[in-house]
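Data file: protein_8.txt. Format and content: compact mmCIF, C-alpha atoms.
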```txt
# COMPACT_ATOMS: atom_id res chain seq x y z
CA MET A 13 146.16 42.59 80.83
CA LYS A 14 142.93 42.06 82.70
CA ASN A 15 141.16 44.77 80.69
CA LYS A 16 142.47 43.29 77.44
CA LYS A 17 141.08 39.88 78.35
CA VAL A 18 137.66 41.35 79.21
CA PHE A 19 137.64 43.20 75.89
CA GLU A 20 138.49 40.06 73.95
CA GLU A 21 135.73 38.14 75.72
CA LEU A 22 133.25 40.90 74.89
CA VAL A 23 134.26 40.84 71.22
CA GLN A 24 133.73 37.09 71.16
CA VAL A 25 130.27 37.44 72.69
CA LEU A 26 129.34 40.03 70.05
CA ARG A 27 130.54 37.77 67.24
CA GLU A 28 128.32 34.97 68.47
CA LEU A 29 125.18 37.11 68.62
CA PRO A 30 122.46 36.51 66.02
CA PRO A 31 122.38 39.36 63.46
CA ASP A 32 118.95 40.59 64.54
CA GLN A 33 119.99 40.82 68.20
CA LEU A 34 123.22 42.62 67.29
CA ALA A 35 121.20 45.10 65.23
CA GLU A 36 118.91 45.67 68.22
CA TRP A 37 121.90 46.35 70.47
CA GLU A 38 123.32 48.81 67.96
CA GLN A 39 120.00 50.63 67.79
CA ARG A 40 119.79 50.88 71.57
CA LEU A 41 123.35 52.19 71.71
CA ASP A 42 122.53 54.85 69.09
CA LEU A 43 119.52 55.94 71.15
CA GLN A 44 121.65 56.25 74.29
CA LEU A 45 124.20 58.33 72.38
CA SER A 46 121.36 60.61 71.28
CA VAL A 47 120.22 61.03 74.90
CA TRP A 48 123.78 62.03 75.83
CA GLU A 49 123.98 64.52 72.94
CA ILE A 50 120.61 66.09 73.85
CA ARG A 51 121.69 66.52 77.46
CA ASN A 52 124.84 68.29 76.27
CA LEU A 53 122.83 70.39 73.81
CA ARG A 54 120.53 71.70 76.53
CA GLY A 55 123.44 72.23 78.88
CA ILE A 56 125.26 74.36 76.29
CA PHE A 57 122.04 76.29 75.57
CA TYR A 58 121.60 77.22 79.23
CA ARG A 59 125.24 78.17 79.62
CA TYR A 60 124.49 80.96 77.18
CA HIS A 61 121.63 81.96 79.45
CA ASP A 62 123.64 81.71 82.66
CA ASP A 63 126.73 83.67 81.69
CA GLN A 64 125.04 85.76 78.99
CA HIS A 65 128.25 85.62 76.91
CA ILE A 66 128.15 89.37 76.41
CA GLY A 67 130.08 90.39 73.29
CA GLN A 68 130.50 86.81 72.05
CA LYS A 69 129.05 85.37 68.87
CA ARG A 70 126.22 83.00 69.70
CA ARG A 71 126.39 79.45 68.43
CA GLU A 72 123.06 78.58 66.84
CA LEU A 73 121.44 75.68 68.68
CA TYR A 74 117.92 75.89 67.26
CA ALA A 75 116.76 73.80 64.31
CA ASP A 76 116.78 77.00 62.27
CA GLU A 77 115.85 75.25 59.01
CA HIS A 78 112.61 73.79 60.39
CA PRO A 79 109.52 75.52 58.92
CA GLY A 80 107.75 75.51 62.28
CA ILE A 81 110.31 77.77 63.96
CA ASP A 82 110.08 81.57 63.76
CA MET A 83 113.79 82.37 63.83
CA GLU A 84 113.19 86.08 63.23
CA ALA A 85 111.16 86.28 66.45
CA ILE A 86 113.85 84.34 68.33
CA ARG A 87 116.59 86.68 67.08
CA ARG A 88 114.56 89.76 68.04
CA ALA A 89 114.00 88.39 71.55
CA ARG A 90 117.75 87.90 72.01
CA LEU A 91 118.29 91.63 71.60
CA LEU A 92 115.96 92.55 74.46
CA PRO A 93 117.70 93.31 77.78
CA VAL A 94 116.82 91.21 80.80
CA VAL A 95 117.22 94.19 83.18
CA ASP A 96 118.09 97.87 82.86
CA SER A 97 121.23 97.48 84.93
CA LEU A 98 123.75 94.62 84.80
CA GLU A 99 125.23 95.49 88.20
CA GLY A 100 125.40 92.27 90.19
CA ASN A 101 123.37 90.47 87.54
CA THR A 102 123.58 86.68 87.99
CA LEU A 103 121.59 83.88 86.37
CA ILE A 104 122.63 80.34 87.35
CA HIS A 105 120.31 77.56 86.21
CA PRO A 106 121.75 74.02 86.30
CA LEU A 107 119.69 71.43 84.42
CA LEU A 108 118.84 68.33 86.43
CA THR A 109 116.87 65.05 86.33
CA PRO A 110 116.33 64.86 82.55
CA VAL A 111 113.62 62.56 81.18
CA ILE A 112 114.24 62.07 77.44
CA GLN A 113 112.29 59.99 74.93
CA VAL A 114 113.79 59.53 71.45
CA ASN A 115 111.61 58.18 68.63
CA ARG A 116 112.29 54.85 66.90
CA GLU A 117 113.88 56.55 63.90
CA ASN A 118 116.31 58.34 66.23
CA ASP A 119 115.70 61.75 64.64
CA LYS A 120 113.23 63.41 67.05
CA ALA A 121 113.11 63.62 70.83
CA ARG A 122 111.08 65.10 73.66
CA ALA A 123 112.49 65.93 77.07
CA VAL A 124 111.78 67.58 80.41
CA PHE A 125 114.57 69.03 82.54
CA THR A 126 114.26 70.30 86.12
CA SER A 127 116.14 73.45 87.09
CA PHE A 128 116.85 74.67 90.62
CA GLY A 129 118.46 78.03 89.98
CA TYR A 130 119.58 81.10 91.89
CA GLU A 131 119.59 84.63 90.60
CA ALA A 132 120.58 88.17 91.51
CA LEU A 133 118.40 90.51 89.50
CA SER A 134 117.08 94.05 89.50
CA ILE A 135 113.65 94.80 88.16
CA HIS A 136 114.82 98.22 86.98
CA ARG A 137 117.84 99.95 88.52
CA GLU A 138 117.49 99.18 92.20
CA PRO A 139 120.07 96.93 93.94
CA PRO A 140 119.73 93.30 92.83
CA MET A 141 117.53 90.93 94.82
CA ALA A 142 118.69 87.43 95.81
CA ILE A 143 116.16 85.06 94.24
CA TRP A 144 115.35 81.35 94.28
CA SER A 145 114.17 80.43 90.80
CA MET A 146 112.93 76.90 90.22
CA GLY A 147 111.07 75.34 87.35
CA TYR A 148 111.05 73.00 84.36
CA ILE A 149 112.11 73.10 80.74
CA PRO A 150 109.92 70.83 78.58
CA GLY A 151 110.99 70.78 74.95
CA GLY A 152 111.31 69.18 71.55
CA HIS A 153 114.45 68.31 69.59
CA LEU A 154 115.28 67.35 66.03
CA LYS A 155 118.28 66.09 64.09
CA GLN A 156 119.35 68.63 61.48
CA HIS A 157 122.07 67.41 59.11
CA GLY A 158 122.96 64.73 61.67
CA GLU A 159 123.25 67.19 64.58
CA TRP A 160 120.73 67.46 67.40
CA ARG A 161 119.04 70.88 67.55
CA ILE A 162 116.29 72.50 69.64
CA LEU A 163 112.77 72.83 68.25
CA TYR A 164 111.21 74.52 71.28
CA GLY A 165 111.50 74.52 75.03
CA GLU A 166 110.59 77.52 77.12
CA TRP A 167 111.31 77.99 80.80
CA GLN A 168 108.26 77.09 82.88
CA ARG A 169 108.42 78.78 86.25
CA THR A 170 107.35 77.00 89.43
CA VAL A 171 108.97 79.35 91.96
CA LYS A 172 110.59 82.78 91.69
CA ALA A 173 110.91 84.20 95.18
CA ASP A 174 112.97 86.43 97.41
CA ARG A 175 115.54 84.17 99.08
CA GLU A 176 114.80 85.50 102.58
CA LYS A 177 110.99 85.49 102.31
CA GLY A 178 110.44 82.21 100.46
CA TRP A 179 107.83 81.39 97.84
CA VAL A 180 104.92 80.99 100.26
CA SER A 181 105.25 84.67 101.22
CA ASP A 182 106.73 86.13 98.04
CA MET A 183 106.45 85.35 94.33
CA GLN A 184 108.18 87.62 91.82
CA ARG A 185 106.86 88.28 88.32
CA SER A 186 108.82 87.92 85.10
CA ASN A 187 111.00 90.84 84.04
CA CYS A 188 109.29 92.33 81.00
CA ARG A 189 108.88 95.69 79.29
CA PRO A 190 106.38 97.12 79.98
CA PRO A 191 105.98 95.41 83.37
CA LEU A 192 103.39 92.65 83.43
CA THR A 193 100.29 92.88 85.55
CA GLN A 194 99.63 90.00 87.92
CA GLU A 195 97.06 88.55 85.51
CA GLU A 196 99.38 88.91 82.50
CA ASP A 197 102.14 87.14 84.41
CA ARG A 198 99.80 84.28 85.27
CA LYS A 199 99.02 83.82 81.58
CA TYR A 200 102.74 83.89 80.75
CA LEU A 201 105.47 82.08 82.72
CA GLY A 202 103.40 82.11 85.89
CA GLN A 203 100.52 80.05 84.55
CA TYR A 204 101.73 76.84 86.23
CA ALA A 205 103.62 78.45 89.12
CA TYR A 206 103.00 78.07 92.85
CA ARG A 207 99.94 79.93 94.18
CA LYS A 208 98.70 80.12 97.74
CA GLU A 209 95.05 79.72 96.86
CA GLU A 210 95.21 76.47 94.86
CA PRO A 211 97.24 73.30 94.29
CA ARG A 212 99.88 73.69 91.60
CA LYS A 213 98.81 72.22 88.26
CA PRO A 214 100.64 69.00 87.31
CA VAL A 215 102.49 70.47 84.34
CA PRO A 216 104.70 69.56 82.59
CA ALA A 217 104.00 65.89 82.11
CA TYR A 218 107.13 63.92 81.34
CA PRO A 219 107.41 62.24 77.93
CA ASP A 220 106.77 58.52 78.22
CA GLU A 221 107.30 55.53 75.91
CA ASN A 222 104.01 56.30 74.10
CA THR A 223 104.71 59.96 73.39
CA TRP A 224 105.49 59.53 69.67
CA ASP A 225 102.55 57.23 69.01
CA ALA A 226 100.13 59.59 70.77
CA TYR A 227 101.63 62.85 69.44
CA PRO A 228 103.43 62.10 66.15
CA ASP A 229 103.83 65.76 65.07
CA GLU A 230 107.15 67.02 66.45
CA MET A 231 105.72 70.54 66.94
CA ASP A 232 102.68 69.32 68.92
CA THR A 233 103.16 70.47 72.51
CA ALA A 234 99.93 68.97 73.88
CA TRP A 235 101.95 66.16 75.51
CA ILE A 236 103.24 68.70 78.05
CA ARG A 237 99.72 69.31 79.44
CA ARG A 238 98.18 65.89 78.81
CA ASN A 239 97.61 65.02 82.47
CA LEU A 240 95.42 68.09 83.08
CA LYS A 241 92.47 66.31 81.46
CA ASP A 242 92.77 63.53 84.07
CA ARG A 243 92.45 65.84 87.09
CA ARG A 244 89.31 65.75 89.21
CA GLU A 245 87.25 68.91 89.37
CA ASP A 246 88.17 69.50 93.01
CA GLY A 247 91.80 69.96 91.96
CA VAL A 248 93.17 66.85 93.62
```

Show how you would write the structure in this file as structure tokens.
Amino acid sequence: MKNKKVFEELVQVLRELPPDQLAEWEQRLDLQLSVWEIRNLRGIFYRYHDDQHIGQKRRELYADEHPGIDMEAIRRARLLPVVDSLEGNTLIHPLLTPVIQVNRENDKARAVFTSFGYEALSIHREPPMAIWSMGYIPGGHLKQHGEWRILYGEWQRTVKADREKGWVSDMQRSNCRPPLTQEEDRKYLGQYAYRKEEPRKPVPAYPDENTWDAYPDEMDTAWIRRNLKDRREDGV
């Protein structure tokens, strides 16, 4: 009975609202629903990564009709093995602390997720190594036929280290074929990772309330690195 009374009082409050204020509330509610849907979208996407869903048909989560996305390249990359041996292979990457900014039209969004993951991987066929793997996933999103889809959003590594040694003493490179040199890795996923000899670059920047005014093109990724131009030359 108490809940029914509260509901009736809420309905009465809504009926008494001016039309413009009610419309504003509806818009804010729609934006919050979009934030919830984007969080679920990214969570589902990384579940495919974590468990690898070997032998299962992949649900398409990219905005595959967008002209800026090279779906052929994405499909080719999915066929490449992560390691030569799946023995003990484990990839667990929960997504945490999302910062999501949806545009006024509620059809585009930018987000940054933090991921503190743990892995058990072989580089080739040796026994798997226990690894701490931490980083960020900055990305763009778009509504396609009323459903939120991914435009882009690659893993940005901060730490990938042997669990026993720690990242100050050990930083692993990305698993690639052929193996990457140290310099190649730094230009790839390691470009904003921890390094002993310098402070880590402040990337990615989180999307703020001005992101769509400053970067209106949904495929423009400059917002991710925008705070680099504000750093002092001494790296502080």

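Shortest separation to Asp220 of chain A among A:Arg122, A:Lys208, A:Arg90, A:Arg71 occurs at residue A:Arg122, atoms counted being only C-alpha atoms.
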
*asked:* Under the rule that only C-alpha atoms are counted, which of A:Pro110, A:Arg212, A:Arg185, A:Glu138 is the nearest residue to Gly55 of chain A?
replied: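 Using only C-alpha atoms, the shortest distance to Gly55 of chain A belongs to A:Pro110.
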
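Nearest-residue note for Met141 of chain A: choosing from A:Pro219, A:Gly100, A:Pro31, A:Gly158, the minimum distance belongs to A:Gly100, counting all atoms listed in the file.
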
*Would you mind listing what lies within 12 Å of Arg51 of chain A as a PyMOL selection string, with only C-alpha atoms counted and same-chain residues fewer than 2 positions away left out?*
chain A and resi 44-49+53-58+106-113+121-125+151+153+160-162

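Atom CA of Tyr206 of chain A is positioned 28.6 Å from atom CA of Glu99 of chain A.
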
*Excluding Ala234 of chain A and any residue of its chain fewer than 3 positions from it, enumerate the residues within 12 Å of it, using all atoms listed in the file, and give them as an MDAnalysis selection string.*
chainID A and resid 122 150:152 215:219 223:224 226:231 237:241

Got time to write the residues from that selection, C-alpha atoms, as a short mmCIF file (atom, residue, chain, number, x, y, z; two decimals), in the frame of the given file?
```
data_model
loop_
_atom_site.label_atom_id
_atom_site.label_comp_id
_atom_site.auth_asym_id
_atom_site.auth_seq_id
_atom_site.Cartn_x
_atom_site.Cartn_y
_atom_site.Cartn_z
CA ARG A 122 111.08 65.10 73.66
CA PRO A 150 109.92 70.83 78.58
CA GLY A 151 110.99 70.78 74.95
CA GLY A 152 111.31 69.18 71.55
CA VAL A 215 102.49 70.47 84.34
CA PRO A 216 104.70 69.56 82.59
CA ALA A 217 104.00 65.89 82.11
CA TYR A 218 107.13 63.92 81.34
CA PRO A 219 107.41 62.24 77.93
CA THR A 223 104.71 59.96 73.39
CA TRP A 224 105.49 59.53 69.67
CA ALA A 226 100.13 59.59 70.77
CA TYR A 227 101.63 62.85 69.44
CA PRO A 228 103.43 62.10 66.15
CA ASP A 229 103.83 65.76 65.07
CA GLU A 230 107.15 67.02 66.45
CA MET A 231 105.72 70.54 66.94
CA ARG A 237 99.72 69.31 79.44
CA ARG A 238 98.18 65.89 78.81
CA ASN A 239 97.61 65.02 82.47
CA LEU A 240 95.42 68.09 83.08
CA LYS A 241 92.47 66.31 81.46
#
```

*Do you know which residues are at most 9 Å from His78 of chain A counting only C-alpha atoms, after dropping those on the same chain fewer than 5 positions away, and could you put them as JSON, numbers by chain?*
{"A": [154, 156, 163]}

*Expressed in Å to a single decimal, how great is the separation between atom CA of Leu201 of chain A and atom CA of Met183 of chain A?*
12.1 Å

_Please report the interatomic distance between atom CA of Thr233 of chain A and atom CA of Glu84 of chain A in Å with one decimal._
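Pair atom CA of Thr233 of chain A / atom CA of Glu84 of chain A returns 20.7 Å.
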
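Close contacts of Met146 of chain A, defined as residues with an atom at most 9 Å away when counting all atoms listed in the file, with chain neighbours fewer than 6 positions off set aside, comprise His105, Thr126, Ser127, Phe128, Gly129, Tyr130, Gln168, Arg169, Thr170, Val171 and Lys172 of chain A.
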
_Which of A:Lys177, A:His136, A:Arg59, A:Lys155 sits closest to Pro190 of chain A [using all atoms listed in the file]_ =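 Checking each candidate against Pro190 of chain A, we get A:His136 as the closest.
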
_When you count only C-alpha atoms, which of these residues is closest to Glu131 of chain A: A:Asn118, A:Asn15, A:Gln24, A:Gln184?_
A:Gln184

*Pick out the closest residue to Glu166 of chain A from this set: A:Leu29, A:Ile149, A:Leu73, A:Ile236. Count all atoms listed in the file.*
A:Ile149

Can you put N, CA, C and O atoms back into segment 150-173 of chain A and show it as a PDB file, in the frame of the given file?
```pdb
ATOM      1  N   PRO A 150     110.368  71.865  79.499  1.00  0.00           N
ATOM      2  CA  PRO A 150     109.920  70.830  78.580  1.00  0.00           C
ATOM      3  C   PRO A 150     110.220  71.266  77.155  1.00  0.00           C
ATOM      4  O   PRO A 150     110.085  72.445  76.817  1.00  0.00           O
ATOM      5  N   GLY A 151     110.644  70.345  76.295  1.00  0.00           N
ATOM      6  CA  GLY A 151     110.990  70.780  74.950  1.00  0.00           C
ATOM      7  C   GLY A 151     111.073  69.669  73.928  1.00  0.00           C
ATOM      8  O   GLY A 151     111.056  68.488  74.260  1.00  0.00           O
ATOM      9  N   GLY A 152     111.172  70.098  72.665  1.00  0.00           N
ATOM     10  CA  GLY A 152     111.310  69.180  71.550  1.00  0.00           C
ATOM     11  C   GLY A 152     112.652  69.372  70.861  1.00  0.00           C
ATOM     12  O   GLY A 152     113.251  70.462  70.918  1.00  0.00           O
ATOM     13  N   HIS A 153     113.134  68.309  70.217  1.00  0.00           N
ATOM     14  CA  HIS A 153     114.450  68.310  69.590  1.00  0.00           C
ATOM     15  C   HIS A 153     114.394  67.569  68.266  1.00  0.00           C
ATOM     16  O   HIS A 153     113.562  66.684  68.081  1.00  0.00           O
ATOM     17  N   LEU A 154     115.292  67.914  67.370  1.00  0.00           N
ATOM     18  CA  LEU A 154     115.280  67.350  66.030  1.00  0.00           C
ATOM     19  C   LEU A 154     116.716  67.246  65.522  1.00  0.00           C
ATOM     20  O   LEU A 154     117.555  68.100  65.823  1.00  0.00           O
ATOM     21  N   LYS A 155     116.978  66.193  64.744  1.00  0.00           N
ATOM     22  CA  LYS A 155     118.280  66.090  64.090  1.00  0.00           C
ATOM     23  C   LYS A 155     118.256  66.905  62.799  1.00  0.00           C
ATOM     24  O   LYS A 155     117.390  66.712  61.949  1.00  0.00           O
ATOM     25  N   GLN A 156     119.210  67.816  62.679  1.00  0.00           N
ATOM     26  CA  GLN A 156     119.350  68.630  61.480  1.00  0.00           C
ATOM     27  C   GLN A 156     120.741  68.392  60.913  1.00  0.00           C
ATOM     28  O   GLN A 156     121.740  68.721  61.546  1.00  0.00           O
ATOM     29  N   HIS A 157     120.800  67.780  59.729  1.00  0.00           N
ATOM     30  CA  HIS A 157     122.070  67.410  59.110  1.00  0.00           C
ATOM     31  C   HIS A 157     122.933  66.565  60.066  1.00  0.00           C
ATOM     32  O   HIS A 157     124.145  66.762  60.180  1.00  0.00           O
ATOM     33  N   GLY A 158     122.257  65.647  60.781  1.00  0.00           N
ATOM     34  CA  GLY A 158     122.960  64.730  61.670  1.00  0.00           C
ATOM     35  C   GLY A 158     123.310  65.298  63.027  1.00  0.00           C
ATOM     36  O   GLY A 158     123.878  64.584  63.861  1.00  0.00           O
ATOM     37  N   GLU A 159     122.941  66.546  63.303  1.00  0.00           N
ATOM     38  CA  GLU A 159     123.250  67.190  64.580  1.00  0.00           C
ATOM     39  C   GLU A 159     121.962  67.496  65.322  1.00  0.00           C
ATOM     40  O   GLU A 159     121.015  68.020  64.746  1.00  0.00           O
ATOM     41  N   TRP A 160     121.919  67.171  66.617  1.00  0.00           N
ATOM     42  CA  TRP A 160     120.730  67.460  67.400  1.00  0.00           C
ATOM     43  C   TRP A 160     120.590  68.963  67.616  1.00  0.00           C
ATOM     44  O   TRP A 160     121.543  69.647  67.971  1.00  0.00           O
ATOM     45  N   ARG A 161     119.366  69.468  67.365  1.00  0.00           N
ATOM     46  CA  ARG A 161     119.040  70.880  67.550  1.00  0.00           C
ATOM     47  C   ARG A 161     117.752  71.011  68.352  1.00  0.00           C
ATOM     48  O   ARG A 161     116.980  70.057  68.491  1.00  0.00           O
ATOM     49  N   ILE A 162     117.478  72.214  68.840  1.00  0.00           N
ATOM     50  CA  ILE A 162     116.290  72.500  69.640  1.00  0.00           C
ATOM     51  C   ILE A 162     115.160  72.964  68.746  1.00  0.00           C
ATOM     52  O   ILE A 162     115.348  73.851  67.909  1.00  0.00           O
ATOM     53  N   LEU A 163     113.973  72.374  68.934  1.00  0.00           N
ATOM     54  CA  LEU A 163     112.770  72.830  68.250  1.00  0.00           C
ATOM     55  C   LEU A 163     112.028  73.875  69.093  1.00  0.00           C
ATOM     56  O   LEU A 163     111.577  74.897  68.587  1.00  0.00           O
ATOM     57  N   TYR A 164     111.869  73.600  70.355  1.00  0.00           N
ATOM     58  CA  TYR A 164     111.210  74.520  71.280  1.00  0.00           C
ATOM     59  C   TYR A 164     111.575  74.073  72.683  1.00  0.00           C
ATOM     60  O   TYR A 164     112.132  72.991  72.886  1.00  0.00           O
ATOM     61  N   GLY A 165     111.227  74.884  73.652  1.00  0.00           N
ATOM     62  CA  GLY A 165     111.500  74.520  75.030  1.00  0.00           C
ATOM     63  C   GLY A 165     111.671  75.738  75.905  1.00  0.00           C
ATOM     64  O   GLY A 165     112.788  76.179  76.150  1.00  0.00           O
ATOM     65  N   GLU A 166     110.557  76.307  76.328  1.00  0.00           N
ATOM     66  CA  GLU A 166     110.590  77.520  77.120  1.00  0.00           C
ATOM     67  C   GLU A 166     110.613  77.203  78.609  1.00  0.00           C
ATOM     68  O   GLU A 166     110.062  76.207  79.059  1.00  0.00           O
ATOM     69  N   TRP A 167     111.257  78.079  79.349  1.00  0.00           N
ATOM     70  CA  TRP A 167     111.310  77.990  80.800  1.00  0.00           C
ATOM     71  C   TRP A 167     109.888  78.050  81.358  1.00  0.00           C
ATOM     72  O   TRP A 167     109.110  78.932  81.014  1.00  0.00           O
ATOM     73  N   GLN A 168     109.548  77.109  82.215  1.00  0.00           N
ATOM     74  CA  GLN A 168     108.260  77.090  82.880  1.00  0.00           C
ATOM     75  C   GLN A 168     108.477  77.278  84.369  1.00  0.00           C
ATOM     76  O   GLN A 168     109.015  76.409  85.054  1.00  0.00           O
ATOM     77  N   ARG A 169     108.104  78.421  84.866  1.00  0.00           N
ATOM     78  CA  ARG A 169     108.420  78.780  86.250  1.00  0.00           C
ATOM     79  C   ARG A 169     107.500  78.065  87.241  1.00  0.00           C
ATOM     80  O   ARG A 169     106.283  78.002  87.056  1.00  0.00           O
ATOM     81  N   THR A 170     108.098  77.523  88.294  1.00  0.00           N
ATOM     82  CA  THR A 170     107.350  77.000  89.430  1.00  0.00           C
ATOM     83  C   THR A 170     107.473  77.941  90.615  1.00  0.00           C
ATOM     84  O   THR A 170     106.506  78.244  91.303  1.00  0.00           O
ATOM     85  N   VAL A 171     108.695  78.449  90.839  1.00  0.00           N
ATOM     86  CA  VAL A 171     108.970  79.350  91.960  1.00  0.00           C
ATOM     87  C   VAL A 171     109.933  80.432  91.504  1.00  0.00           C
ATOM     88  O   VAL A 171     110.920  80.144  90.818  1.00  0.00           O
ATOM     89  N   LYS A 172     109.644  81.673  91.835  1.00  0.00           N
ATOM     90  CA  LYS A 172     110.590  82.780  91.690  1.00  0.00           C
ATOM     91  C   LYS A 172     110.350  83.691  92.880  1.00  0.00           C
ATOM     92  O   LYS A 172     109.415  84.482  92.886  1.00  0.00           O
ATOM     93  N   ALA A 173     111.204  83.561  93.901  1.00  0.00           N
ATOM     94  CA  ALA A 173     110.910  84.200  95.180  1.00  0.00           C
ATOM     95  C   ALA A 173     112.144  84.810  95.812  1.00  0.00           C
ATOM     96  O   ALA A 173     113.266  84.341  95.596  1.00  0.00           O
TER      97      ALA A 173
END
```
